[in-house]
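File shown here: target31.cif, holding mmCIF, C-alpha atoms.
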```cif
data_entry
#
loop_
_atom_site.label_atom_id
_atom_site.label_comp_id
_atom_site.auth_asym_id
_atom_site.auth_seq_id
_atom_site.Cartn_x
_atom_site.Cartn_y
_atom_site.Cartn_z
CA MET A 1 -50.55 84.23 -98.56
CA LYS A 2 -48.26 81.20 -98.53
CA SER A 3 -46.66 82.32 -95.26
CA LEU A 4 -50.09 82.74 -93.64
CA ILE A 5 -51.03 79.20 -94.65
CA LEU A 6 -47.79 77.83 -93.18
CA ILE A 7 -48.38 79.71 -89.92
CA ALA A 8 -51.95 78.41 -89.73
CA LEU A 9 -50.78 74.85 -90.36
CA HIS A 10 -48.17 75.23 -87.63
CA PHE A 11 -50.75 76.14 -85.01
CA LEU A 12 -53.24 73.55 -86.22
CA LEU A 13 -50.62 70.85 -85.80
CA GLN A 14 -49.66 71.87 -82.27
CA PRO A 15 -52.55 70.04 -80.54
CA LEU A 16 -51.60 66.86 -82.41
CA SER A 17 -48.05 67.06 -81.06
CA VAL A 18 -49.34 67.64 -77.54
CA LEU A 19 -51.70 64.70 -77.77
CA SER A 20 -48.87 62.51 -79.06
CA SER A 21 -46.60 63.47 -76.20
CA LEU A 22 -49.36 62.83 -73.66
CA SER A 23 -50.44 59.49 -75.10
CA LEU A 24 -47.93 57.52 -73.02
CA GLU A 25 -49.21 59.02 -69.79
CA LYS A 26 -52.75 58.01 -70.77
CA MET A 27 -51.90 54.45 -71.77
CA THR A 28 -52.62 51.47 -69.54
CA ILE A 29 -50.40 48.61 -70.65
CA LYS A 30 -51.33 45.22 -69.24
CA HIS A 31 -50.12 42.93 -72.03
CA VAL A 32 -47.02 43.44 -74.19
CA LEU A 33 -46.35 41.36 -77.31
CA VAL A 34 -42.60 41.16 -77.98
CA PRO A 35 -41.64 39.82 -81.43
CA ILE A 36 -37.94 38.83 -81.48
CA VAL A 37 -36.83 37.17 -84.69
CA MET A 38 -33.78 35.11 -83.75
CA GLU A 39 -33.63 32.48 -81.02
CA ALA A 40 -30.20 33.72 -79.88
CA GLU A 41 -31.61 37.23 -79.46
CA ALA A 42 -34.63 36.08 -77.49
CA THR A 43 -33.24 33.36 -75.21
CA PRO A 44 -31.48 35.55 -72.58
CA PHE A 45 -34.61 37.69 -72.17
CA VAL A 46 -36.95 34.69 -72.03
CA GLU A 47 -34.75 33.04 -69.40
CA HIS A 48 -34.35 36.27 -67.44
CA LEU A 49 -38.12 36.67 -67.06
CA GLU A 50 -38.59 32.90 -66.66
CA LEU A 51 -41.15 32.86 -69.45
CA LYS A 52 -42.69 29.49 -70.26
CA PRO A 53 -43.36 27.96 -73.70
CA VAL A 54 -46.98 28.17 -74.81
CA GLU A 55 -48.07 25.01 -76.59
CA ASP A 56 -50.48 25.26 -79.53
CA PHE A 57 -50.16 29.04 -79.63
CA PHE A 58 -49.44 29.02 -83.37
CA PRO A 59 -50.93 26.76 -86.06
CA SER A 60 -49.08 23.44 -86.15
CA ASN A 61 -47.87 23.98 -89.72
CA THR A 62 -45.93 27.12 -88.76
CA PRO A 63 -42.45 27.19 -87.18
CA PHE A 64 -43.13 30.08 -84.82
CA LEU A 65 -42.70 29.80 -81.03
CA ALA A 66 -44.36 31.63 -78.13
CA PHE A 67 -43.32 32.16 -74.52
CA SER A 68 -45.45 33.76 -71.84
CA GLY A 69 -45.16 35.08 -68.31
CA ALA A 70 -45.16 38.33 -66.40
CA HIS A 71 -42.93 41.27 -65.62
CA GLY A 72 -44.39 42.80 -62.51
CA LYS A 73 -48.11 43.22 -63.18
CA THR A 74 -47.62 43.23 -66.94
CA LYS A 75 -48.21 40.10 -68.99
CA VAL A 76 -45.46 39.44 -71.53
CA THR A 77 -45.74 37.26 -74.62
CA VAL A 78 -42.52 36.79 -76.56
CA ILE A 79 -42.69 35.26 -80.04
CA THR A 80 -39.78 34.07 -82.14
CA MET A 81 -39.84 33.11 -85.79
CA GLY A 82 -38.45 29.62 -85.31
CA LYS A 83 -36.27 27.67 -87.72
CA ASP A 84 -36.61 27.27 -91.47
CA ALA A 85 -38.20 24.04 -92.69
CA VAL A 86 -39.51 25.29 -96.04
CA TYR A 87 -36.05 25.51 -97.61
CA GLU A 88 -34.69 22.84 -95.23
CA THR A 89 -31.80 25.00 -94.02
CA GLY A 90 -32.63 24.95 -90.30
CA VAL A 91 -31.55 28.58 -89.88
CA ASP A 92 -33.55 31.30 -88.13
CA ASN A 93 -36.51 32.60 -90.14
CA VAL A 94 -35.22 36.13 -90.60
CA GLY A 95 -36.79 38.76 -92.83
CA THR A 96 -40.06 40.57 -93.22
CA VAL A 97 -42.37 37.71 -94.27
CA PRO A 98 -41.97 35.47 -91.18
CA ALA A 99 -41.93 38.51 -88.87
CA SER A 100 -45.17 39.99 -90.21
CA LEU A 101 -46.98 36.64 -90.39
CA ALA A 102 -45.99 35.58 -86.87
CA THR A 103 -46.94 38.96 -85.41
CA TYR A 104 -50.33 38.93 -87.12
CA LEU A 105 -51.09 35.38 -85.99
CA ALA A 106 -50.03 36.22 -82.43
CA VAL A 107 -52.34 39.24 -82.19
CA GLU A 108 -55.24 37.22 -83.57
CA LYS A 109 -54.54 34.29 -81.23
CA ILE A 110 -54.47 36.51 -78.15
CA LYS A 111 -57.84 37.96 -79.19
CA THR A 112 -59.36 34.48 -78.79
CA MET A 113 -57.78 33.71 -75.41
CA ASN A 114 -59.58 34.29 -72.09
CA ASP A 115 -62.80 35.12 -73.94
CA GLY A 116 -61.16 38.12 -75.55
CA ASN A 117 -60.48 39.82 -72.21
CA ASP A 118 -56.69 39.73 -72.47
CA LEU A 119 -55.81 41.79 -75.54
CA VAL A 120 -52.44 43.11 -76.66
CA ASP A 121 -51.87 46.71 -75.54
CA LEU A 122 -48.46 47.22 -77.15
CA ILE A 123 -46.24 45.58 -79.77
CA LEU A 124 -42.62 45.99 -78.69
CA ASN A 125 -40.28 44.69 -81.39
CA ALA A 126 -36.87 43.84 -79.96
CA GLY A 127 -33.71 42.71 -81.67
CA THR A 128 -30.30 43.48 -83.04
CA CYS A 129 -29.49 45.89 -85.83
CA GLY A 130 -26.81 47.65 -87.80
CA GLY A 131 -25.82 51.18 -86.87
CA PHE A 132 -24.08 54.05 -88.64
CA ASN A 133 -20.93 55.98 -87.84
CA ARG A 134 -22.48 58.95 -89.61
CA MET A 135 -25.38 58.92 -87.12
CA GLY A 136 -23.18 58.53 -84.05
CA GLY A 137 -23.91 54.83 -83.57
CA ALA A 138 -21.53 52.45 -81.83
CA ILE A 139 -21.49 48.72 -81.07
CA GLY A 140 -23.76 47.99 -78.10
CA ASP A 141 -25.82 51.18 -78.34
CA VAL A 142 -29.52 50.71 -77.52
CA TYR A 143 -31.98 52.57 -79.74
CA LEU A 144 -35.68 53.22 -79.18
CA THR A 145 -37.25 53.63 -82.59
CA SER A 146 -39.01 56.88 -83.46
CA GLY A 147 -40.17 55.53 -86.81
CA VAL A 148 -39.65 52.89 -89.49
CA ALA A 149 -39.23 52.70 -93.26
CA ASN A 150 -38.09 50.29 -95.98
CA HIS A 151 -35.04 50.73 -98.17
CA ASP A 152 -35.31 47.70 -100.47
CA ARG A 153 -38.86 48.20 -101.76
CA ARG A 154 -37.99 50.31 -104.78
CA ILE A 155 -41.07 50.86 -106.97
CA ALA A 156 -40.53 53.78 -109.36
CA ILE A 157 -44.21 54.41 -110.10
CA PRO A 158 -46.10 57.44 -108.71
CA GLY A 159 -47.82 56.49 -105.46
CA PHE A 160 -46.09 53.12 -105.33
CA THR A 161 -42.81 54.83 -104.45
CA GLU A 162 -44.27 56.08 -101.16
CA TYR A 163 -45.96 52.74 -100.56
CA GLY A 164 -42.65 50.97 -101.06
CA HIS A 165 -40.82 53.21 -98.61
CA GLY A 166 -43.62 52.55 -96.10
CA LYS A 167 -42.70 55.26 -93.63
CA LEU A 168 -44.48 55.06 -90.27
CA THR A 169 -43.92 57.11 -87.11
CA SER A 170 -43.80 55.23 -83.81
CA ASP A 171 -46.98 55.71 -81.79
CA ILE A 172 -44.96 56.36 -78.64
CA ASP A 173 -42.53 59.26 -78.66
CA PRO A 174 -39.40 57.66 -77.12
CA THR A 175 -37.48 60.90 -76.48
CA ASP A 176 -38.10 61.27 -72.74
CA MET A 177 -37.80 57.55 -72.12
CA ALA A 178 -34.46 57.39 -73.93
CA LYS A 179 -33.11 60.30 -71.90
CA GLU A 180 -34.17 58.69 -68.62
CA LEU A 181 -32.81 55.26 -69.52
CA GLY A 182 -29.63 56.42 -71.22
CA PHE A 183 -30.60 55.09 -74.66
CA LYS A 184 -30.68 56.69 -78.11
CA THR A 185 -33.54 57.27 -80.54
CA GLY A 186 -33.77 57.03 -84.29
CA ILE A 187 -35.52 55.68 -87.35
CA ALA A 188 -35.15 51.99 -88.23
CA SER A 189 -34.86 51.17 -91.93
CA THR A 190 -35.70 47.61 -92.98
CA SER A 191 -34.71 45.30 -95.82
CA ASN A 192 -34.51 41.58 -96.47
CA SER A 193 -30.74 41.70 -96.98
CA LEU A 194 -27.98 41.75 -94.40
CA ASP A 195 -25.74 43.80 -96.67
CA LYS A 196 -26.62 46.94 -98.65
CA THR A 197 -26.24 48.37 -102.12
CA ASP A 198 -25.25 51.96 -102.89
CA THR A 199 -28.91 52.61 -103.73
CA CYS A 200 -29.99 51.16 -100.38
CA ASP A 201 -27.51 53.45 -98.64
CA LYS A 202 -28.85 56.52 -100.44
CA ILE A 203 -32.42 55.64 -99.44
CA MET A 204 -31.39 55.05 -95.82
CA LYS A 205 -29.75 58.49 -95.83
CA ASP A 206 -32.97 59.95 -97.24
CA HIS A 207 -34.88 58.19 -94.44
CA ASN A 208 -32.43 59.70 -91.93
CA ALA A 209 -32.10 56.16 -90.58
CA SER A 210 -30.08 55.56 -87.42
CA VAL A 211 -30.36 51.77 -87.51
CA LYS A 212 -30.85 49.06 -90.14
CA ASP A 213 -32.64 45.76 -89.56
CA MET A 214 -34.65 43.04 -91.30
CA GLU A 215 -38.09 43.18 -89.64
CA ALA A 216 -39.08 46.45 -87.93
CA ALA A 217 -41.07 48.00 -90.80
CA ALA A 218 -42.97 44.74 -91.36
CA ILE A 219 -43.97 44.42 -87.70
CA ALA A 220 -44.93 48.10 -87.53
CA TYR A 221 -47.13 47.51 -90.61
CA ILE A 222 -49.04 44.78 -88.76
CA ALA A 223 -49.35 46.98 -85.67
CA LYS A 224 -50.79 49.78 -87.80
CA MET A 225 -53.21 47.37 -89.47
CA GLN A 226 -54.37 46.14 -86.05
CA ASN A 227 -54.56 49.68 -84.65
CA LEU A 228 -52.04 48.83 -81.93
CA PRO A 229 -49.22 51.04 -80.64
CA TYR A 230 -45.75 50.01 -81.79
CA MET A 231 -42.20 50.73 -80.69
CA GLY A 232 -38.85 49.08 -81.30
CA VAL A 233 -35.87 48.37 -79.03
CA LYS A 234 -32.73 47.72 -81.06
CA VAL A 235 -29.13 46.95 -80.07
CA ILE A 236 -26.31 47.60 -82.53
CA THR A 237 -24.20 44.57 -83.49
CA ASP A 238 -22.43 45.99 -86.54
CA ILE A 239 -21.58 49.32 -88.14
CA VAL A 240 -23.07 49.51 -91.63
CA ASP A 241 -20.71 52.24 -92.82
CA GLY A 242 -17.70 50.84 -90.94
CA GLY A 243 -14.73 48.94 -92.28
CA GLN A 244 -15.55 45.38 -91.20
CA PRO A 245 -17.64 42.85 -93.16
CA THR A 246 -21.18 43.01 -91.76
CA GLN A 247 -21.57 39.26 -91.25
CA ASP A 248 -18.31 38.97 -89.29
CA GLU A 249 -19.12 41.88 -87.01
CA PHE A 250 -22.69 40.67 -86.51
CA PHE A 251 -21.71 37.22 -85.23
CA GLU A 252 -18.87 38.66 -83.18
CA ASN A 253 -21.27 40.87 -81.24
CA LEU A 254 -24.54 38.87 -81.31
CA ALA A 255 -24.14 37.25 -77.88
CA SER A 256 -23.28 40.52 -76.12
CA ALA A 257 -26.12 42.32 -77.90
CA ALA A 258 -28.59 39.65 -76.77
CA LYS A 259 -27.47 40.16 -73.17
CA SER A 260 -27.90 43.91 -73.65
CA LEU A 261 -31.48 43.28 -74.80
CA GLN A 262 -32.03 41.19 -71.67
CA SER A 263 -31.10 44.26 -69.63
CA ALA A 264 -32.75 46.94 -71.77
CA LEU A 265 -36.18 45.38 -72.32
CA PRO A 266 -37.23 45.18 -68.63
CA LYS A 267 -36.18 48.82 -68.19
CA VAL A 268 -38.31 49.85 -71.15
CA MET A 269 -41.29 47.89 -69.82
CA ASP A 270 -40.82 49.33 -66.33
CA TYR A 271 -41.02 52.78 -67.85
CA LEU A 272 -43.99 52.03 -70.11
CA CYS A 273 -46.00 50.10 -67.53
CA ASP A 274 -45.40 52.31 -64.48
CA GLU A 275 -48.78 52.63 -62.78
CA LYS A 276 -47.95 56.08 -61.41
CA ARG A 277 -47.22 57.25 -64.93
CA ALA A 278 -50.44 55.75 -66.23
CA ASN A 279 -52.34 57.48 -63.42
CA GLY A 280 -50.69 60.81 -64.19
CA GLU A 281 -48.81 60.88 -60.88
CA LEU A 282 -45.35 61.37 -62.44
#
```
Mind converting the file's structure to structure tokens?
Amino acid sequence: MKSLILIALHFLLQPLSVLSSLSLEKMTIKHVLVPIVMEAEATPFVEHLELKPVEDFFPSNTPFLAFSGAHGKTKVTVITMGKDAVYETGVDNVGTVPASLATYLAVEKIKTMNDGNDLVDLILNAGTCGGFNRMGGAIGDVYLTSGVANHDRRIAIPGFTEYGHGKLTSDIDPTDMAKELGFKTGIASTSNSLDKTDTCDKIMKDHNASVKDMEAAAIAYIAKMQNLPYMGVKVITDIVDGGQPTQDEFFENLASAAKSLQSALPKVMDYLCDEKRANGEL
């Protein structure tokens, strides 16, 4: 009886997989919102596309910044999290709280622009990340995220455990895109710490995470809340299970990773926004 139920579930789930794989071909993407946390990560891409600052995009009491322009026929809005004024450190506002708040405010702001006729079609989170030797990651590798999770939200209460892990599957299956563009795919696991504990590492293994960052799961949460498709583009700056201190390796490779993003992001958008693909001609 159990085997019959499993077989039935298998066939019932097949149409869902087919629909998921076809969703990209059916999408028309005219406006991409690109949250990039750090200024150093975003600047090469903003300059490459010649995006212009958007004044009064965010409330005046927030530190977030917005840049807008076009890539081909696709409108692009890049947001960065700005610099810290709350704690008066002046460093980049990294972590899940600024990322989720800025992304939410950006989606809501765009809803009010042009009489609501210019809505976000895709949230494309871009940035740097840690990778893993055990998952075949190397410095400079570009990953398209197939899903997200958290590894620092440990809540050992039934139901809250799953909430804390916050696993979400990317709305766009990146497998074919990654093959065509020469990138890799994998799950991004998020925390608010640059380093990791042994417990964090165990949870990341349980998540089958290929990359580790400080914002992806939070931005994906906002995308899910807003019923918007989400995907991440991540470039490895440091090897989490390598021999070097994370902070040293991160700063050593940040500039080159930012340039890699500058190259990778337009390729991803070319693929996603191809009119022939959207019209089913490919």
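Counting all atoms listed in the file, the residue from A:Phe250, A:Tyr221, A:Phe132, A:Tyr271 that sits nearest to A:Pro174 is A:Tyr271.
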Subject >> Residues matched by the PyMOL selection byres ((chain A and resi 184-200) around 6), written as an NGL selection string >> reply: :A and (95 or 143-152 or 178 or 183 or 201-203 or 209-214 or 217)
Original post:
Hey, which of A:Ile36, A:Val235, A:Thr112, A:Asp118 ends up closest to A:Asp92? Count only C-alpha atoms.
Top reply: A:Ile36
Original post:
Interatomic distance between atom CA of A:Ala218 and atom CA of A:Asp115?
Top reply: 28.1 Å
Original post:
Evaluating the PyMOL selection byres ((chain A and resi 78-80) around 7) on the displayed file yields which residues, as a PyMOL selection string?
Top reply: chain A and resi 33-39+64-68+76-77+81-82
Please tabulate, as a tab-separated table, the residues of stretch 88-181 of chain A that come within 8 Å of stretch 253-266 of chain A, each with its closest pair of atoms and the distance in Å to one decimal, counting all atoms listed in the file and ordering rows by chain, then residue number upward.
```
residue	atom	partner	partner_atom	distance
A:Ala126	CA	A:Leu261	CA	7.5
A:Gly127	CA	A:Leu261	CA	7.2
A:Thr128	CA	A:Ala257	CA	6.7
A:Ile139	CA	A:Asn253	CA	7.9
A:Gly140	CA	A:Ala257	CA	6.1
A:Val142	CA	A:Ala264	CA	7.6
```
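The protein and nucleic acid residues lying at most 10 Å from A:Met269 are A:Ile29, A:Val32, A:His71, A:Gly72, A:Thr74, A:Val76, A:Leu124, A:Ala264, A:Asp274, with all atoms listed in the file considered and sequence neighbours fewer than 5 positions away removed.
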Those same residues, written as a PDB file, in the coordinates of the input with C-alpha atoms?
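Generated output (part.pdb):
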```pdb
ATOM      1  CA  ILE A  29     -50.400  48.610 -70.650  1.00  0.00           C
ATOM      2  CA  VAL A  32     -47.020  43.440 -74.190  1.00  0.00           C
ATOM      3  CA  HIS A  71     -42.930  41.270 -65.620  1.00  0.00           C
ATOM      4  CA  GLY A  72     -44.390  42.800 -62.510  1.00  0.00           C
ATOM      5  CA  THR A  74     -47.620  43.230 -66.940  1.00  0.00           C
ATOM      6  CA  VAL A  76     -45.460  39.440 -71.530  1.00  0.00           C
ATOM      7  CA  LEU A 124     -42.620  45.990 -78.690  1.00  0.00           C
ATOM      8  CA  ALA A 264     -32.750  46.940 -71.770  1.00  0.00           C
ATOM      9  CA  ASP A 274     -45.400  52.310 -64.480  1.00  0.00           C
TER      10      ASP A 274
END
```
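For the residues A:Asp141, A:Glu162, A:Glu180, A:Asp171, ranking by smallest atom-to-atom distance to A:Ile239 using all atoms listed in the file places A:Asp141 first.
The space between atom CA of A:Asp241 and atom CA of A:Asp206 spans 15.1 Å.
What separates atom CA of A:Phe58 from atom CA of A:Asn114 is a distance of 16.1 Å.
Among A:Gln244, A:Thr43, A:Gln226, A:Asn208, the residue with the shortest atom-to-atom distance to A:Leu119, counting all atoms listed in the file, is A:Gln226.
Closest approach to A:Gly137 from the set A:Leu49, A:Ile110, A:Val240, A:Val268 is made by A:Val240, with distances taken over all atoms listed in the file.
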